[in-house]
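Working notes, structure below.
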Amino acid sequence: DLTLTELLEDEGMARELVNRIQNIRKDKDFEVTDRITVVISEDPAIERAVTNFGDLIKGEVLADALSIGAAAAGGEAVELPGELQAMIAVEKRP
């Protein structure tokens with residue numbers, strides 16, 4: 001069955017978010033073991049992906065906290081599938 005379900009699309013978005021967050025970690029020269037907090041700008045597709053796959057995202061990027069909100073405005077601008085623009089703020093935990 002080659003039908004793309006909403007859940008499969010959400011998983012794909014979650015994997016794209018993991019990729020973008022990992023790139024931000026790398027750009028900020030974080031250590032591989034550094035724990036982080038992540039805030040992602042609001043969008044229905046992102047919110048669904050975080051709701052359905054938030055634990056996967058947190059586990060892959062070593063995030064203690066993952067949220068959706070306006071606080072991401074100070075973060076990095078990224079492009080996601082579907083011509084979606086998002087802001088992702090990544091901070092190292094003390």
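Here, A, B, ... name the chains of the structure tokens in the order displayed, residue numbers run from 1 inside each chain, and ligands are numbered from 1 in the same displayed order.
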
Close residues, range 7-19 of chain A itself excluded, 6 Å, only C-alpha atoms, min 2 positions apart in chain, as a PyMOL selection string: chain A and resi 5+21-22+49+57

Convert the current residue selection to file output with all heavy atoms, as a PDB file, in the first residue's frame.
ATOM      1  N   THR A   5      -0.561   8.228   4.605  1.00  0.00           N
ATOM      2  CA  THR A   5      -1.535   8.598   5.627  1.00  0.00           C
ATOM      3  C   THR A   5      -1.033   9.834   6.362  1.00  0.00           C
ATOM      4  O   THR A   5       0.139  10.208   6.271  1.00  0.00           O
ATOM      5  CB  THR A   5      -1.724   7.454   6.642  1.00  0.00           C
ATOM      6  OG1 THR A   5      -0.487   7.262   7.338  1.00  0.00           O
ATOM      7  CG2 THR A   5      -2.146   6.166   5.949  1.00  0.00           C
ATOM      8  N   ILE A  21      17.210  20.120  13.689  1.00  0.00           N
ATOM      9  CA  ILE A  21      17.684  20.370  15.055  1.00  0.00           C
ATOM     10  C   ILE A  21      19.129  19.880  15.202  1.00  0.00           C
ATOM     11  O   ILE A  21      19.966  20.563  15.800  1.00  0.00           O
ATOM     12  CB  ILE A  21      16.753  19.710  16.092  1.00  0.00           C
ATOM     13  CG1 ILE A  21      15.373  20.374  16.049  1.00  0.00           C
ATOM     14  CG2 ILE A  21      17.361  19.790  17.497  1.00  0.00           C
ATOM     15  CD1 ILE A  21      14.279  19.605  16.773  1.00  0.00           C
ATOM     16  N   GLN A  22      19.442  18.726  14.638  1.00  0.00           N
ATOM     17  CA  GLN A  22      20.813  18.210  14.706  1.00  0.00           C
ATOM     18  C   GLN A  22      21.778  19.163  13.999  1.00  0.00           C
ATOM     19  O   GLN A  22      22.899  19.381  14.460  1.00  0.00           O
ATOM     20  CB  GLN A  22      20.910  16.803  14.096  1.00  0.00           C
ATOM     21  CG  GLN A  22      20.151  15.743  14.858  1.00  0.00           C
ATOM     22  CD  GLN A  22      20.767  15.376  16.196  1.00  0.00           C
ATOM     23  OE1 GLN A  22      21.146  16.239  16.976  1.00  0.00           O
ATOM     24  NE2 GLN A  22      20.831  14.087  16.466  1.00  0.00           N
ATOM     25  N   ALA A  49       3.061  16.668  14.134  1.00  0.00           N
ATOM     26  CA  ALA A  49       4.264  15.837  14.199  1.00  0.00           C
ATOM     27  C   ALA A  49       4.805  15.773  15.624  1.00  0.00           C
ATOM     28  O   ALA A  49       5.187  14.698  16.101  1.00  0.00           O
ATOM     29  CB  ALA A  49       5.330  16.372  13.248  1.00  0.00           C
ATOM     30  N   ILE A  57      11.460  12.599  18.632  1.00  0.00           N
ATOM     31  CA  ILE A  57      12.276  13.790  18.361  1.00  0.00           C
ATOM     32  C   ILE A  57      13.176  14.071  19.564  1.00  0.00           C
ATOM     33  O   ILE A  57      14.388  14.242  19.408  1.00  0.00           O
ATOM     34  CB  ILE A  57      11.392  15.015  18.045  1.00  0.00           C
ATOM     35  CG1 ILE A  57      10.596  14.793  16.760  1.00  0.00           C
ATOM     36  CG2 ILE A  57      12.246  16.276  17.934  1.00  0.00           C
ATOM     37  CD1 ILE A  57       9.491  15.809  16.515  1.00  0.00           C
TER      38      ILE A  57
END

Name the residues in contact with Met87 in chain A at a cut-off of 10 Å, using only C-alpha atoms, excluding same-chain residues fewer than 6 positions from it; report them as a list in words.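 In the requested format, the answer is Val39, Ile40, Ser41, Glu42, Gly69, Ala70, Ala71, Ala72, Ala73, Gly74, Gly75, Glu76, Ala77, Val78 and Glu79 of chain A.
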
Let's see if you can do this: from backbone DSSP, list all alpha helix (DSSP H) residues in range 20-78 of chain A, as a list in words.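 Residues of range 20-78 of chain A classed as alpha helix (DSSP H): Arg20, Ile21, Gln22, Asn23, Ile24, Arg25, Lys26, Asp27, Pro44, Ala45, Ile46, Glu47, Arg48, Ala49, Val50, Thr51, Asn52, Phe53, Gly54, Asp55, Leu56, Ile57, Lys58, Gly59, Glu60 and Val61 of chain A.
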
Dump of N, CA and C atoms for the selected residues, as an mmCIF file, in the first residue's frame:
data_model
loop_
_atom_site.group_PDB
_atom_site.id
_atom_site.type_symbol
_atom_site.label_atom_id
_atom_site.label_comp_id
_atom_site.auth_asym_id
_atom_site.auth_seq_id
_atom_site.Cartn_x
_atom_site.Cartn_y
_atom_site.Cartn_z
ATOM 1 N N ARG A 20 16.942 18.990 11.131
ATOM 2 C CA ARG A 20 17.199 20.425 11.267
ATOM 3 C C ARG A 20 17.751 20.753 12.659
ATOM 4 N N ILE A 21 17.210 20.120 13.689
ATOM 5 C CA ILE A 21 17.684 20.370 15.055
ATOM 6 C C ILE A 21 19.129 19.880 15.202
ATOM 7 N N GLN A 22 19.442 18.726 14.638
ATOM 8 C CA GLN A 22 20.813 18.210 14.706
ATOM 9 C C GLN A 22 21.778 19.163 13.999
ATOM 10 N N ASN A 23 21.352 19.726 12.878
ATOM 11 C CA ASN A 23 22.201 20.688 12.171
ATOM 12 C C ASN A 23 22.438 21.946 13.011
ATOM 13 N N ILE A 24 21.412 22.395 13.715
ATOM 14 C CA ILE A 24 21.557 23.563 14.585
ATOM 15 C C ILE A 24 22.527 23.237 15.720
ATOM 16 N N ARG A 25 22.399 22.045 16.307
ATOM 17 C CA ARG A 25 23.336 21.616 17.358
ATOM 18 C C ARG A 25 24.771 21.673 16.840
ATOM 19 N N LYS A 26 24.964 21.158 15.642
ATOM 20 C CA LYS A 26 26.298 21.130 15.043
ATOM 21 C C LYS A 26 26.824 22.549 14.813
ATOM 22 N N ASP A 27 25.970 23.411 14.265
ATOM 23 C CA ASP A 27 26.370 24.796 14.004
ATOM 24 C C ASP A 27 26.736 25.547 15.286
ATOM 25 N N PRO A 44 0.272 24.009 12.011
ATOM 26 C CA PRO A 44 -0.505 22.784 12.230
ATOM 27 C C PRO A 44 0.259 21.495 11.905
ATOM 28 N N ALA A 45 1.023 21.476 10.822
ATOM 29 C CA ALA A 45 1.762 20.267 10.444
ATOM 30 C C ALA A 45 2.845 19.951 11.468
ATOM 31 N N ILE A 46 3.512 20.978 11.969
ATOM 32 C CA ILE A 46 4.552 20.781 12.980
ATOM 33 C C ILE A 46 3.921 20.320 14.295
ATOM 34 N N GLU A 47 2.823 20.944 14.673
ATOM 35 C CA GLU A 47 2.150 20.575 15.917
ATOM 36 C C GLU A 47 1.703 19.115 15.903
ATOM 37 N N ARG A 48 1.154 18.653 14.768
ATOM 38 C CA ARG A 48 0.748 17.244 14.652
ATOM 39 C C ARG A 48 1.957 16.326 14.799
ATOM 40 N N ALA A 49 3.061 16.668 14.134
ATOM 41 C CA ALA A 49 4.264 15.837 14.199
ATOM 42 C C ALA A 49 4.805 15.773 15.624
ATOM 43 N N VAL A 50 4.818 16.915 16.322
ATOM 44 C CA VAL A 50 5.319 16.943 17.694
ATOM 45 C C VAL A 50 4.374 16.179 18.620
ATOM 46 N N THR A 51 3.077 16.314 18.401
ATOM 47 C CA THR A 51 2.113 15.583 19.218
ATOM 48 C C THR A 51 2.284 14.078 19.046
ATOM 49 N N ASN A 52 2.423 13.624 17.807
ATOM 50 C CA ASN A 52 2.503 12.188 17.530
ATOM 51 C C ASN A 52 3.893 11.594 17.711
ATOM 52 N N PHE A 53 4.943 12.387 17.527
ATOM 53 C CA PHE A 53 6.297 11.851 17.545
ATOM 54 C C PHE A 53 7.256 12.671 18.411
ATOM 55 N N GLY A 54 6.720 13.399 19.366
ATOM 56 C CA GLY A 54 7.554 14.229 20.231
ATOM 57 C C GLY A 54 8.610 13.445 20.987
ATOM 58 N N ASP A 55 8.251 12.270 21.486
ATOM 59 C CA ASP A 55 9.214 11.456 22.223
ATOM 60 C C ASP A 55 10.350 10.990 21.315
ATOM 61 N N LEU A 56 10.034 10.646 20.080
ATOM 62 C CA LEU A 56 11.059 10.256 19.113
ATOM 63 C C LEU A 56 12.008 11.426 18.857
ATOM 64 N N ILE A 57 11.460 12.599 18.632
ATOM 65 C CA ILE A 57 12.276 13.790 18.361
ATOM 66 C C ILE A 57 13.176 14.071 19.564
ATOM 67 N N LYS A 58 12.595 14.093 20.759
ATOM 68 C CA LYS A 58 13.367 14.381 21.967
ATOM 69 C C LYS A 58 14.485 13.364 22.163
ATOM 70 N N GLY A 59 14.198 12.107 21.931
ATOM 71 C CA GLY A 59 15.204 11.068 22.096
ATOM 72 C C GLY A 59 16.352 11.199 21.109
ATOM 73 N N GLU A 60 16.036 11.512 19.871
ATOM 74 C CA GLU A 60 17.060 11.610 18.829
ATOM 75 C C GLU A 60 17.981 12.805 19.023
ATOM 76 N N VAL A 61 17.450 13.923 19.543
ATOM 77 C CA VAL A 61 18.259 15.148 19.654
ATOM 78 C C VAL A 61 18.702 15.438 21.087
#

Those of range 28-61 of chain A in DSSP strand (DSSP E or B), formatted as a ChimeraX atom specification: /A:36-40

Output file for the residues above (N, CA, C and O atoms, as a short mmCIF file (atom, residue, chain, number, x, y, z; two decimals), in the first residue's frame):
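The result, stored in result_31.cif:
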data_model
loop_
_atom_site.label_atom_id
_atom_site.label_comp_id
_atom_site.auth_asym_id
_atom_site.auth_seq_id
_atom_site.Cartn_x
_atom_site.Cartn_y
_atom_site.Cartn_z
N ILE A 36 19.49 19.52 25.60
CA ILE A 36 19.00 20.78 25.07
C ILE A 36 17.52 20.97 25.35
O ILE A 36 16.82 20.04 25.76
N THR A 37 17.06 22.21 25.11
CA THR A 37 15.63 22.51 25.05
C THR A 37 15.35 23.04 23.65
O THR A 37 16.20 23.70 23.05
N VAL A 38 14.18 22.72 23.13
CA VAL A 38 13.82 23.09 21.77
C VAL A 38 12.44 23.74 21.77
O VAL A 38 11.51 23.22 22.38
N VAL A 39 12.34 24.89 21.07
CA VAL A 39 11.05 25.53 20.84
C VAL A 39 10.92 25.72 19.34
O VAL A 39 11.82 26.25 18.69
N ILE A 40 9.79 25.28 18.78
CA ILE A 40 9.55 25.35 17.34
C ILE A 40 8.34 26.24 17.10
O ILE A 40 7.35 26.18 17.84
#

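Between CA of Glu6 in chain A and CA of Ile68 in chain A lies a distance of 19.4 Å.
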
Among listed residues A:Asp64, A:Leu4, A:Leu84, A:Phe30, nearest Asp43 in chain A (using only C-alpha atoms):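 With only C-alpha atoms as the atom set, the closest residue is A:Leu84.
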
Pick from A:Ser67, A:Asp29, A:Leu2, A:Leu62, whichever lies nearest to Ile88 in chain A using only C-alpha atoms: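 Smallest distance to Ile88 in chain A is found for A:Ser67.
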
Please, what distance in Å, to one decimal, runs between CA of Arg35 in chain A and CA of Arg93 in chain A?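 Going from CA of Arg35 in chain A over to CA of Arg93 in chain A covers 5.5 Å.
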